[in-house]
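The structure appears right after this line, and notes come after that.
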Amino acid sequence: MINPKITVQEIKELLIQQFGETILLQEDSTSLQPSLTVPAERIAEVCLFLRDCPQTYIDSLSCLTAMDNGPENNKLEVIYNLYSIPYEIALMLKVSVGRNKEGEPLPVVPTVSNVWRTADWHEREAFDLMGINFEGHPDLRRILLPNDWEGHPLRKDYQHQEYYHGIQVKY
């Protein structure tokens, strides 16, 4: 083991050394699990670096989830809970993307399914329920809802269908 006690501050310094100052958009060190926000278009390369870097060896994506900050904020977030089993490092990465309006393409975030296989289903769920397109995903399609379902039910402005194939949808 190279450094089993690496801190979030040291991870931050490694990222800046590797990618430059612009790689970190925000840092939250006051929460129970510290987080770093990186540009959405750079998430895959940051994750690959953290996995392959001998000082971090982030070998596990524990969870990937999406959050809607509401139409008034015009932002969706993707949150990555990462863990290094041998070093016992827990880290949360975040990216933020703008919401799309009806008829516009979905917001895009690069896939990390090529970094951690567990991202495959997590990204499909975020696509299905939140409407985020994970560019480069090998099989991005709905996972919980039928392919012809309208909208993304976990968005705060979601309008549910009255009927689906002639069957009344009750909530």
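In the structure tokens, the first chain shown is A, the next is B, and so on; residue numbers restart at 1 for each chain, and ligands run from 1 in the order shown.
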If we count only C-alpha atoms and set the cut-off at 12 Å, which residues sit around Leu82 in chain A, ignoring sequence neighbours fewer than 5 positions away in its own chain? Please answer as number ranges by chain.
A: 33-36, 46-48, 50-51, 56-65, 87-94, 112, 115-116, 118-119
Identify, with DSSP run on backbone atoms, the residues in chain A assigned to alpha helix (DSSP H), and express the list as a PyMOL selection string.
chain A and resi 8-19+43-52+119-130
Go ahead and write the residues just picked, N, CA, C and O atoms, as a compact mmCIF listing (two decimals), in the first residue's frame.
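Saved the output as result.txt:
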# COMPACT_ATOMS: atom_id res chain seq x y z
N VAL A 8 -8.99 13.93 1.62
CA VAL A 8 -9.69 14.56 0.49
C VAL A 8 -8.88 15.74 -0.03
O VAL A 8 -8.82 15.98 -1.24
N GLN A 9 -8.23 16.46 0.87
CA GLN A 9 -7.38 17.57 0.46
C GLN A 9 -6.25 17.08 -0.45
O GLN A 9 -5.93 17.69 -1.46
N GLU A 10 -5.65 15.95 -0.11
CA GLU A 10 -4.58 15.38 -0.93
C GLU A 10 -5.13 14.88 -2.27
O GLU A 10 -4.48 15.01 -3.30
N ILE A 11 -6.35 14.34 -2.27
CA ILE A 11 -6.98 13.93 -3.53
C ILE A 11 -7.22 15.16 -4.40
O ILE A 11 -6.96 15.15 -5.60
N LYS A 12 -7.70 16.21 -3.78
CA LYS A 12 -7.91 17.47 -4.49
C LYS A 12 -6.61 17.96 -5.13
O LYS A 12 -6.59 18.34 -6.30
N GLU A 13 -5.51 17.91 -4.39
CA GLU A 13 -4.21 18.34 -4.91
C GLU A 13 -3.75 17.44 -6.06
O GLU A 13 -3.19 17.92 -7.04
N LEU A 14 -4.00 16.13 -5.95
CA LEU A 14 -3.66 15.21 -7.04
C LEU A 14 -4.43 15.56 -8.31
O LEU A 14 -3.87 15.55 -9.41
N LEU A 15 -5.72 15.85 -8.15
CA LEU A 15 -6.55 16.21 -9.31
C LEU A 15 -6.07 17.49 -9.97
O LEU A 15 -5.99 17.58 -11.19
N ILE A 16 -5.75 18.48 -9.16
CA ILE A 16 -5.25 19.75 -9.70
C ILE A 16 -3.91 19.55 -10.39
O ILE A 16 -3.67 20.09 -11.48
N GLN A 17 -3.04 18.74 -9.80
CA GLN A 17 -1.74 18.46 -10.41
C GLN A 17 -1.92 17.75 -11.75
O GLN A 17 -1.23 18.03 -12.72
N GLN A 18 -2.88 16.83 -11.83
CA GLN A 18 -3.10 16.05 -13.05
C GLN A 18 -3.85 16.83 -14.13
O GLN A 18 -3.52 16.77 -15.31
N PHE A 19 -4.87 17.61 -13.72
CA PHE A 19 -5.79 18.23 -14.69
C PHE A 19 -5.77 19.75 -14.70
O PHE A 19 -6.38 20.36 -15.58
N ILE A 43 -15.84 14.11 -16.23
CA ILE A 43 -16.05 13.12 -15.17
C ILE A 43 -15.40 11.76 -15.48
O ILE A 43 -14.80 11.14 -14.60
N ALA A 44 -15.50 11.30 -16.71
CA ALA A 44 -14.94 9.98 -17.03
C ALA A 44 -13.43 9.94 -16.86
O ALA A 44 -12.89 8.98 -16.29
N GLU A 45 -12.74 10.97 -17.32
CA GLU A 45 -11.29 10.97 -17.19
C GLU A 45 -10.86 11.16 -15.74
O GLU A 45 -9.85 10.58 -15.31
N VAL A 46 -11.62 11.91 -14.95
CA VAL A 46 -11.31 12.05 -13.52
C VAL A 46 -11.49 10.71 -12.82
O VAL A 46 -10.64 10.28 -12.03
N CYS A 47 -12.58 10.02 -13.12
CA CYS A 47 -12.84 8.72 -12.49
C CYS A 47 -11.77 7.69 -12.88
O CYS A 47 -11.30 6.94 -12.02
N LEU A 48 -11.39 7.68 -14.14
CA LEU A 48 -10.35 6.75 -14.59
C LEU A 48 -9.03 7.04 -13.86
O LEU A 48 -8.35 6.12 -13.41
N PHE A 49 -8.70 8.32 -13.72
CA PHE A 49 -7.48 8.69 -13.00
C PHE A 49 -7.55 8.22 -11.54
O PHE A 49 -6.59 7.62 -11.03
N LEU A 50 -8.68 8.47 -10.87
CA LEU A 50 -8.81 8.07 -9.46
C LEU A 50 -8.76 6.55 -9.28
O LEU A 50 -8.25 6.07 -8.28
N ARG A 51 -9.27 5.82 -10.26
CA ARG A 51 -9.20 4.36 -10.19
C ARG A 51 -7.76 3.87 -10.36
O ARG A 51 -7.29 2.99 -9.65
N ASP A 52 -7.05 4.45 -11.33
CA ASP A 52 -5.71 3.94 -11.68
C ASP A 52 -4.57 4.57 -10.89
O ASP A 52 -3.46 4.05 -10.92
N ALA A 119 -21.60 0.99 -12.96
CA ALA A 119 -22.24 2.21 -13.47
C ALA A 119 -23.28 1.91 -14.53
O ALA A 119 -24.19 2.71 -14.75
N ASP A 120 -23.18 0.76 -15.18
CA ASP A 120 -24.09 0.41 -16.26
C ASP A 120 -25.55 0.58 -15.84
O ASP A 120 -26.30 1.36 -16.42
N TRP A 121 -25.97 -0.13 -14.81
CA TRP A 121 -27.37 -0.08 -14.38
C TRP A 121 -27.68 1.24 -13.68
O TRP A 121 -28.78 1.77 -13.82
N HIS A 122 -26.74 1.77 -12.93
CA HIS A 122 -26.97 3.05 -12.26
C HIS A 122 -27.26 4.15 -13.28
O HIS A 122 -28.17 4.98 -13.09
N GLU A 123 -26.48 4.20 -14.34
CA GLU A 123 -26.68 5.22 -15.38
C GLU A 123 -28.00 4.99 -16.12
O GLU A 123 -28.69 5.95 -16.46
N ARG A 124 -28.35 3.74 -16.35
CA ARG A 124 -29.63 3.46 -17.01
C ARG A 124 -30.79 3.93 -16.15
O ARG A 124 -31.78 4.47 -16.65
N GLU A 125 -30.68 3.75 -14.85
CA GLU A 125 -31.74 4.21 -13.95
C GLU A 125 -31.84 5.74 -13.96
O GLU A 125 -32.94 6.30 -14.02
N ALA A 126 -30.69 6.42 -13.91
CA ALA A 126 -30.70 7.89 -13.96
C ALA A 126 -31.24 8.38 -15.30
O ALA A 126 -31.96 9.39 -15.36
N PHE A 127 -30.93 7.69 -16.37
CA PHE A 127 -31.49 8.03 -17.69
C PHE A 127 -33.00 7.85 -17.68
O PHE A 127 -33.75 8.74 -18.11
N ASP A 128 -33.45 6.73 -17.21
CA ASP A 128 -34.87 6.39 -17.21
C ASP A 128 -35.69 7.35 -16.36
O ASP A 128 -36.70 7.90 -16.81
N LEU A 129 -35.28 7.57 -15.14
CA LEU A 129 -36.10 8.31 -14.19
C LEU A 129 -35.82 9.81 -14.15
O LEU A 129 -36.68 10.60 -13.75
N MET A 130 -34.61 10.22 -14.58
CA MET A 130 -34.25 11.64 -14.48
C MET A 130 -33.99 12.28 -15.84
O MET A 130 -33.96 13.50 -15.95
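Taking CA of Asp157 in chain A and CA of Gly98 in chain A as endpoints, the distance between them is 14.3 Å.
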Near Lys75 in chain A, within 8 Å and counting only C-alpha atoms, which residues show up once chain neighbours fewer than 5 positions away are dropped, as a PyMOL selection string?
chain A and resi 68-70+96-99
As a PyMOL selection string, list the residues of range 49-109 of chain A assigned to strand (DSSP E or B) by DSSP on the backbone atoms of this structure.
chain A and resi 60-68+75-84+89-98+108-109
